[in-house]
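File shown: coords.cif. Contents: mmCIF, C-alpha atoms and all ligand atoms.
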data_coords
#
loop_
_atom_site.label_atom_id
_atom_site.label_comp_id
_atom_site.auth_asym_id
_atom_site.auth_seq_id
_atom_site.Cartn_x
_atom_site.Cartn_y
_atom_site.Cartn_z
CA MET A 226 56.39 -43.42 54.72
CA LYS A 227 59.75 -42.51 56.22
CA ILE A 228 61.05 -45.97 55.37
CA ALA A 229 59.59 -45.80 51.86
CA GLY A 230 61.16 -42.36 51.53
CA ARG A 231 64.56 -43.53 52.70
CA ILE A 232 64.58 -46.45 50.25
CA THR A 233 63.54 -44.09 47.43
CA ALA A 234 66.31 -41.63 48.35
CA GLU A 235 68.89 -44.42 48.53
CA ALA A 236 67.86 -45.61 45.06
CA LEU A 237 68.53 -42.11 43.71
CA VAL A 238 71.93 -41.89 45.37
CA LEU A 239 72.81 -45.28 43.93
CA ALA A 240 71.66 -44.13 40.48
CA SER A 241 73.65 -40.90 40.73
CA GLU A 242 76.82 -42.91 41.39
CA LEU A 243 76.27 -44.90 38.19
CA ILE A 244 75.95 -41.87 35.93
CA ARG A 245 78.74 -41.65 33.37
CA PRO A 246 79.04 -41.45 29.59
CA GLY A 247 78.43 -44.89 28.08
CA ILE A 248 75.94 -46.34 30.57
CA SER A 249 72.43 -47.15 29.33
CA THR A 250 69.31 -45.90 31.08
CA LYS A 251 68.19 -49.55 31.30
CA GLU A 252 71.26 -50.47 33.35
CA ILE A 253 70.52 -47.65 35.80
CA ASP A 254 66.90 -48.79 36.05
CA THR A 255 67.92 -52.39 36.74
CA LYS A 256 70.18 -51.33 39.62
CA ILE A 257 67.43 -49.12 41.06
CA GLN A 258 64.94 -52.00 40.96
CA ARG A 259 67.43 -54.35 42.61
CA HIS A 260 68.04 -51.91 45.46
CA ILE A 261 64.34 -51.31 46.12
CA GLU A 262 63.55 -55.02 46.13
CA ARG A 263 66.56 -55.85 48.32
CA CYS A 264 65.09 -53.43 50.90
CA GLY A 265 61.85 -55.42 50.97
CA ALA A 266 59.99 -52.74 49.01
CA LYS A 267 58.39 -52.63 45.57
CA PRO A 268 59.10 -50.14 42.77
CA SER A 269 55.97 -47.95 42.79
CA PHE A 270 56.24 -47.12 39.10
CA LEU A 271 56.65 -50.68 37.77
CA GLY A 272 53.36 -51.54 36.09
CA TYR A 273 51.75 -48.23 37.19
CA GLY A 274 49.34 -47.44 34.37
CA GLY A 275 51.34 -50.02 32.42
CA PHE A 276 54.72 -48.28 32.85
CA PRO A 277 57.37 -50.89 31.98
CA ALA A 278 60.21 -49.95 34.37
CA SER A 279 61.09 -49.02 37.97
CA ALA A 280 62.31 -45.51 37.22
CA CYS A 281 61.44 -42.83 34.73
CA ILE A 282 64.71 -41.75 33.12
CA SER A 283 64.48 -38.70 30.87
CA LEU A 284 67.29 -36.97 28.95
CA ASN A 285 67.79 -33.33 28.00
CA ASN A 286 64.59 -32.05 26.32
CA GLU A 287 62.61 -34.94 27.79
CA VAL A 288 60.67 -33.59 30.77
CA ILE A 289 59.32 -36.70 32.52
CA HIS A 290 58.25 -40.32 32.02
CA GLY A 291 61.20 -41.38 29.86
CA ILE A 292 61.32 -45.17 29.46
CA PRO A 293 64.64 -46.79 30.33
CA SER A 294 66.19 -48.63 27.38
CA LYS A 295 69.42 -50.42 26.62
CA ASN A 296 69.58 -48.26 23.49
CA ARG A 297 69.55 -44.98 25.43
CA ILE A 298 73.20 -44.34 26.25
CA LEU A 299 74.28 -41.40 28.39
CA THR A 300 76.64 -39.03 26.58
CA GLU A 301 78.97 -36.35 27.93
CA GLY A 302 77.03 -33.09 28.12
CA ASP A 303 73.59 -34.67 28.69
CA ILE A 304 71.42 -33.89 31.65
CA VAL A 305 69.49 -36.86 33.00
CA LYS A 306 66.36 -36.85 35.14
CA ILE A 307 65.71 -39.87 37.32
CA ASP A 308 62.31 -40.19 38.98
CA VAL A 309 61.79 -43.10 41.39
CA GLY A 310 59.16 -44.41 43.76
CA ALA A 311 59.29 -47.18 46.35
CA ARG A 312 56.33 -48.75 48.15
CA TYR A 313 56.99 -50.19 51.58
CA ARG A 314 54.23 -51.85 53.64
CA GLY A 315 51.57 -50.10 51.59
CA TYR A 316 53.05 -46.60 51.54
CA ASN A 317 54.93 -44.79 48.80
CA GLY A 318 57.89 -42.48 48.45
CA ASP A 319 58.34 -40.44 45.27
CA SER A 320 61.42 -38.41 44.40
CA ALA A 321 63.31 -37.11 41.36
CA ARG A 322 66.63 -35.47 40.62
CA THR A 323 68.43 -34.05 37.59
CA TYR A 324 72.10 -34.90 37.13
CA PRO A 325 74.75 -33.68 34.68
CA VAL A 326 76.61 -36.31 32.65
CA GLY A 327 80.25 -35.29 32.66
CA LYS A 328 80.80 -31.67 31.71
CA VAL A 329 77.60 -29.85 30.73
CA SER A 330 76.87 -26.29 29.62
CA ASP A 331 76.67 -23.44 32.13
CA GLU A 332 73.04 -22.98 31.08
CA ALA A 333 72.26 -26.61 31.93
CA LEU A 334 73.94 -26.28 35.34
CA ARG A 335 71.98 -23.11 36.06
CA LEU A 336 68.72 -24.82 35.04
CA ILE A 337 69.45 -27.72 37.39
CA SER A 338 70.27 -25.45 40.33
CA VAL A 339 67.30 -23.10 39.77
CA THR A 340 64.98 -26.13 39.66
CA GLU A 341 66.36 -27.47 42.94
CA ALA A 342 66.16 -24.03 44.55
CA SER A 343 62.55 -23.64 43.39
CA PHE A 344 61.66 -26.77 45.38
CA TYR A 345 63.08 -25.06 48.48
CA GLU A 346 61.02 -21.96 47.72
CA ALA A 347 57.96 -24.25 47.88
CA MET A 348 59.27 -25.68 51.17
CA LYS A 349 59.25 -22.19 52.69
CA ALA A 350 55.53 -22.00 51.85
CA ALA A 351 54.75 -25.57 52.98
CA ARG A 352 53.43 -24.59 56.39
CA SER A 353 50.26 -25.62 58.17
CA GLY A 354 47.56 -23.01 57.48
CA ASN A 355 49.01 -22.00 54.11
CA ARG A 356 47.37 -23.18 50.89
CA ILE A 357 48.44 -25.24 47.88
CA GLY A 358 48.45 -22.08 45.74
CA ASP A 359 51.17 -20.66 47.97
CA LEU A 360 53.51 -23.48 46.89
CA GLY A 361 52.88 -23.04 43.18
CA PHE A 362 53.14 -19.28 43.43
CA ALA A 363 56.50 -19.62 45.22
CA VAL A 364 57.87 -22.01 42.59
CA GLU A 365 56.72 -20.13 39.52
CA SER A 366 57.70 -16.65 40.65
CA PHE A 367 61.18 -17.87 41.53
CA VAL A 368 61.58 -19.76 38.23
CA ILE A 369 60.34 -16.84 36.11
CA SER A 370 62.64 -14.40 37.90
CA ASN A 371 65.48 -16.67 36.77
CA GLY A 372 64.35 -16.57 33.13
CA PHE A 373 62.96 -20.12 32.92
CA SER A 374 59.39 -21.48 32.77
CA VAL A 375 57.39 -24.09 34.69
CA VAL A 376 55.55 -26.99 33.09
CA LYS A 377 51.78 -26.57 33.44
CA ASP A 378 50.45 -29.87 32.07
CA TYR A 379 51.99 -32.03 34.82
CA VAL A 380 51.85 -31.32 38.53
CA GLY A 381 52.84 -32.55 41.98
CA HIS A 382 50.40 -34.47 44.11
CA GLY A 383 49.48 -35.95 47.45
CA VAL A 384 51.35 -39.20 48.13
CA GLY A 385 50.63 -41.99 50.60
CA ALA A 386 48.86 -45.32 50.25
CA ASP A 387 48.51 -44.37 46.59
CA LEU A 388 51.38 -42.98 44.54
CA HIS A 389 49.18 -40.16 43.27
CA GLU A 390 46.59 -38.74 45.67
CA GLU A 391 44.67 -35.52 46.10
CA PRO A 392 45.43 -32.68 46.09
CA GLU A 393 47.13 -31.75 42.84
CA ILE A 394 50.09 -29.44 43.42
CA PRO A 395 50.70 -27.25 40.37
CA ASN A 396 54.05 -25.48 40.04
CA PHE A 397 52.11 -22.28 39.40
CA GLY A 398 49.16 -20.68 41.06
CA ARG A 399 47.80 -17.85 43.10
CA ALA A 400 48.95 -17.26 46.65
CA GLY A 401 46.21 -17.84 49.23
CA ARG A 402 44.17 -20.11 46.91
CA GLY A 403 43.47 -23.83 46.96
CA VAL A 404 43.41 -26.58 49.57
CA ARG A 405 44.62 -25.60 53.02
CA LEU A 406 47.67 -27.44 54.41
CA TYR A 407 47.48 -29.20 57.75
CA PRO A 408 49.85 -31.34 59.85
CA GLY A 409 50.06 -34.94 58.68
CA MET A 410 49.56 -34.21 54.97
CA THR A 411 52.13 -35.94 52.78
CA LEU A 412 52.85 -34.28 49.46
CA ALA A 413 55.09 -34.89 46.45
CA VAL A 414 56.36 -31.43 45.52
CA GLU A 415 58.03 -31.54 42.12
CA PRO A 416 59.00 -28.50 40.07
CA MET A 417 59.48 -29.29 36.36
CA VAL A 418 61.34 -26.40 34.79
CA ASN A 419 62.03 -25.68 31.12
CA ALA A 420 64.84 -23.51 29.80
CA GLY A 421 62.53 -22.28 27.03
CA SER A 422 58.75 -22.30 26.69
CA TYR A 423 56.53 -24.05 29.27
CA GLU A 424 54.82 -26.02 26.51
CA VAL A 425 55.26 -29.80 26.35
CA LYS A 426 54.03 -32.67 24.22
CA LYS A 427 53.87 -36.44 24.61
CA LEU A 428 55.80 -38.69 22.23
CA ARG A 429 54.22 -41.53 20.28
CA ASP A 430 55.53 -44.09 22.80
CA GLY A 431 52.61 -42.94 24.95
CA TRP A 432 54.85 -41.96 27.87
CA THR A 433 57.77 -39.65 27.19
CA VAL A 434 56.92 -35.98 27.68
CA VAL A 435 59.25 -33.53 25.89
CA THR A 436 59.50 -29.76 25.59
CA LYS A 437 57.71 -28.52 22.47
CA ASP A 438 60.57 -26.19 21.54
CA GLY A 439 63.29 -28.78 22.19
CA SER A 440 64.75 -26.81 25.09
CA LEU A 441 66.29 -28.48 28.14
CA SER A 442 64.14 -29.42 31.10
CA ALA A 443 64.95 -30.23 34.73
CA HIS A 444 63.00 -31.90 37.54
CA TYR A 445 63.43 -31.97 41.32
CA GLU A 446 61.02 -33.82 43.61
CA ASN A 447 60.72 -34.89 47.21
CA SER A 448 57.90 -36.37 49.24
CA ILE A 449 57.36 -34.14 52.26
CA LEU A 450 55.37 -34.18 55.50
CA ILE A 451 53.49 -31.08 56.65
CA THR A 452 53.94 -30.52 60.41
CA ASP A 453 53.13 -27.87 63.01
CA GLY A 454 56.46 -26.27 62.14
CA GLU A 455 58.90 -26.85 59.31
CA PRO A 456 58.03 -29.50 56.73
CA ILE A 457 60.04 -32.72 56.81
CA ILE A 458 61.57 -34.23 53.69
CA LEU A 459 60.62 -37.93 53.71
CA THR A 460 62.69 -38.92 50.68
CA ASP A 461 65.94 -38.43 52.55
CA VAL A 462 68.66 -41.04 53.09
CA ASN A 463 68.99 -39.85 56.70
CA ILE A 464 65.30 -39.87 57.63
CA SER A 465 64.58 -41.75 60.87
MG MG B 501 58.14 -38.76 40.87
MG MG B 502 55.50 -37.40 41.75
#

As structure tokens, how would this structure be written, given the file I've shared?
Ligand code: MG
Ligand code: MG
Amino acid sequence: MKIAGRITAEALVLASELIRPGISTKEIDTKIQRHIERCGAKPSFLGYGGFPASACISLNNEVIHGIPSKNRILTEGDIVKIDVGARYRGYNGDSARTYPVGKVSDEALRLISVTEASFYEAMKAARSGNRIGDLGFAVESFVISNGFSVVKDYVGHGVGADLHEEPEIPNFGRAGRGVRLYPGMTLAVEPMVNAGSYEVKKLRDGWTVVTKDGSLSAHYENSILITDGEPIILTDVNIS
């Protein structure tokens, strides 16, 4: 899983270096796929439930599951979410980031940084003996205190031999409730944060999830390992 995580993280770094006004989301996806395959891994998302690409690439008010297309061109001021998975020798990594395209609004930058920071709030709670509800409680209380909302209809998850495993990891919840964490658990923790209402809807393409009120949304995900002490981020370019 460390190798799968490293390949996943490298794919995201590669993608981030491509981001500029004028590039299509399809071109980014193609480069991501090439990197994963060159590492001897497989894109976890390609064909998953029929998904037609290696990465989910979602712009602005799109929350998750955006389909890369040569007609989707990044524009100055956009924020772009890239969600990638790589499977190596039967195990998966899953990670997502939100990037600004050129100069973006202060509100967009704050949304991106609050979303990233909310992941690290969950990390503080990701200790053996704690419960899944502690993670969600940590994420949501932090996000709300910053004036944003968390998506409720889509959640984090266990990750391993399957891309999506038990338990579900909501970005909300009650402290002290839910499945207990223990060393060796591998989890995809992924706050999805909206600038406006938490409500989302799916577009008619059957995949793309957008905010109902059209507000911006950001996403930050890593696959992590629960240990006896601090959790370890598996989707890290420096993992060894
Ligand atoms: Mg993901
Ligand atoms: Mg995930």

Ranking A:Ser279, A:Asn355, A:Thr340, A:Thr460 by minimum distance to Ser374 (chain A) and counting all atoms listed in the file, which one comes first? A:Thr340

Have a look at CA of Ile292 (chain A) and CA of Asn463 (chain A) and let me know their distance in Å, one decimal.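 Calculated distance between CA of Ile292 (chain A) and CA of Asn463 (chain A) is 28.8 Å.
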
Taking all atoms listed in the file into account, report as an MDAnalysis selection string which residues have an atom no farther than 6 Å from an atom of ligand MG 501 (chain B). chainID A and resid 308:309 319:321

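Of the listed residues (A:Gly381, A:Gly318, A:Gly439, A:Gly274), A:Gly381 comes nearest to ligand MG 502 (chain B); the distances count all atoms listed in the file.
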
Would you list the contacts of Lys295 (chain A) as a PyMOL selection string, taking every protein, DNA or RNA residue within 10 Å and counting all atoms listed in the file, but skipping same-chain residues closer than 6 positions in sequence? chain A and resi 248-254

Taking all atoms listed in the file into account, which residues are within 12 Å of ligand MG 502 (chain B), as a short mmCIF file (atom, residue, chain, number, x, y, z; two decimals) with C-alpha atoms, in the coordinates of the input?
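Generated output (part17.cif):
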data_model
loop_
_atom_site.label_atom_id
_atom_site.label_comp_id
_atom_site.auth_asym_id
_atom_site.auth_seq_id
_atom_site.Cartn_x
_atom_site.Cartn_y
_atom_site.Cartn_z
CA THR A 233 63.54 -44.09 47.43
CA SER A 269 55.97 -47.95 42.79
CA PHE A 270 56.24 -47.12 39.10
CA ALA A 280 62.31 -45.51 37.22
CA CYS A 281 61.44 -42.83 34.73
CA ILE A 289 59.32 -36.70 32.52
CA HIS A 290 58.25 -40.32 32.02
CA ILE A 307 65.71 -39.87 37.32
CA ASP A 308 62.31 -40.19 38.98
CA VAL A 309 61.79 -43.10 41.39
CA GLY A 310 59.16 -44.41 43.76
CA ALA A 311 59.29 -47.18 46.35
CA ASN A 317 54.93 -44.79 48.80
CA GLY A 318 57.89 -42.48 48.45
CA ASP A 319 58.34 -40.44 45.27
CA SER A 320 61.42 -38.41 44.40
CA ALA A 321 63.31 -37.11 41.36
CA ARG A 322 66.63 -35.47 40.62
CA TYR A 379 51.99 -32.03 34.82
CA VAL A 380 51.85 -31.32 38.53
CA GLY A 381 52.84 -32.55 41.98
CA HIS A 382 50.40 -34.47 44.11
CA GLY A 383 49.48 -35.95 47.45
CA VAL A 384 51.35 -39.20 48.13
CA GLY A 385 50.63 -41.99 50.60
CA ASP A 387 48.51 -44.37 46.59
CA LEU A 388 51.38 -42.98 44.54
CA HIS A 389 49.18 -40.16 43.27
CA GLU A 390 46.59 -38.74 45.67
CA GLU A 391 44.67 -35.52 46.10
CA PRO A 392 45.43 -32.68 46.09
CA GLU A 393 47.13 -31.75 42.84
CA ILE A 394 50.09 -29.44 43.42
CA PRO A 395 50.70 -27.25 40.37
CA THR A 411 52.13 -35.94 52.78
CA LEU A 412 52.85 -34.28 49.46
CA ALA A 413 55.09 -34.89 46.45
CA VAL A 414 56.36 -31.43 45.52
CA GLU A 415 58.03 -31.54 42.12
CA PRO A 416 59.00 -28.50 40.07
CA MET A 417 59.48 -29.29 36.36
CA HIS A 444 63.00 -31.90 37.54
CA TYR A 445 63.43 -31.97 41.32
CA GLU A 446 61.02 -33.82 43.61
CA ASN A 447 60.72 -34.89 47.21
CA SER A 448 57.90 -36.37 49.24
CA ILE A 449 57.36 -34.14 52.26
CA THR A 460 62.69 -38.92 50.68
#

How would you write as a list in words the residues that get within 9 Å of (52.9, -41.2, 29.1) in the file's frame, counting only C-alpha atoms?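 Protein and nucleic acid residues near the point are Gly274, Phe276, Ile289, His290, Gly291, Lys427, Leu428, Arg429, Asp430, Gly431, Trp432, Thr433 and Val434 of chain A.
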
Take the residues just selected and output them with C-alpha atoms as a JSON list (two decimals), keeping the file's coordinate frame.
[["chain", "number", "residue", "atom", "x", "y", "z"],
["A", 274, "GLY", "CA", 49.34, -47.44, 34.37],
["A", 276, "PHE", "CA", 54.72, -48.28, 32.85],
["A", 289, "ILE", "CA", 59.32, -36.70, 32.52],
["A", 290, "HIS", "CA", 58.25, -40.32, 32.02],
["A", 291, "GLY", "CA", 61.20, -41.38, 29.86],
["A", 427, "LYS", "CA", 53.87, -36.44, 24.61],
["A", 428, "LEU", "CA", 55.80, -38.69, 22.23],
["A", 429, "ARG", "CA", 54.22, -41.53, 20.28],
["A", 430, "ASP", "CA", 55.53, -44.09, 22.80],
["A", 431, "GLY", "CA", 52.61, -42.94, 24.95],
["A", 432, "TRP", "CA", 54.85, -41.96, 27.87],
["A", 433, "THR", "CA", 57.77, -39.65, 27.19],
["A", 434, "VAL", "CA", 56.92, -35.98, 27.68]]

Of the residues A:Asn296, A:Asn371, A:Thr255, A:Ser465, which is the one nearest to Ala278 (chain A), using only C-alpha atoms?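 Closest residue, counting only C-alpha atoms: A:Thr255.
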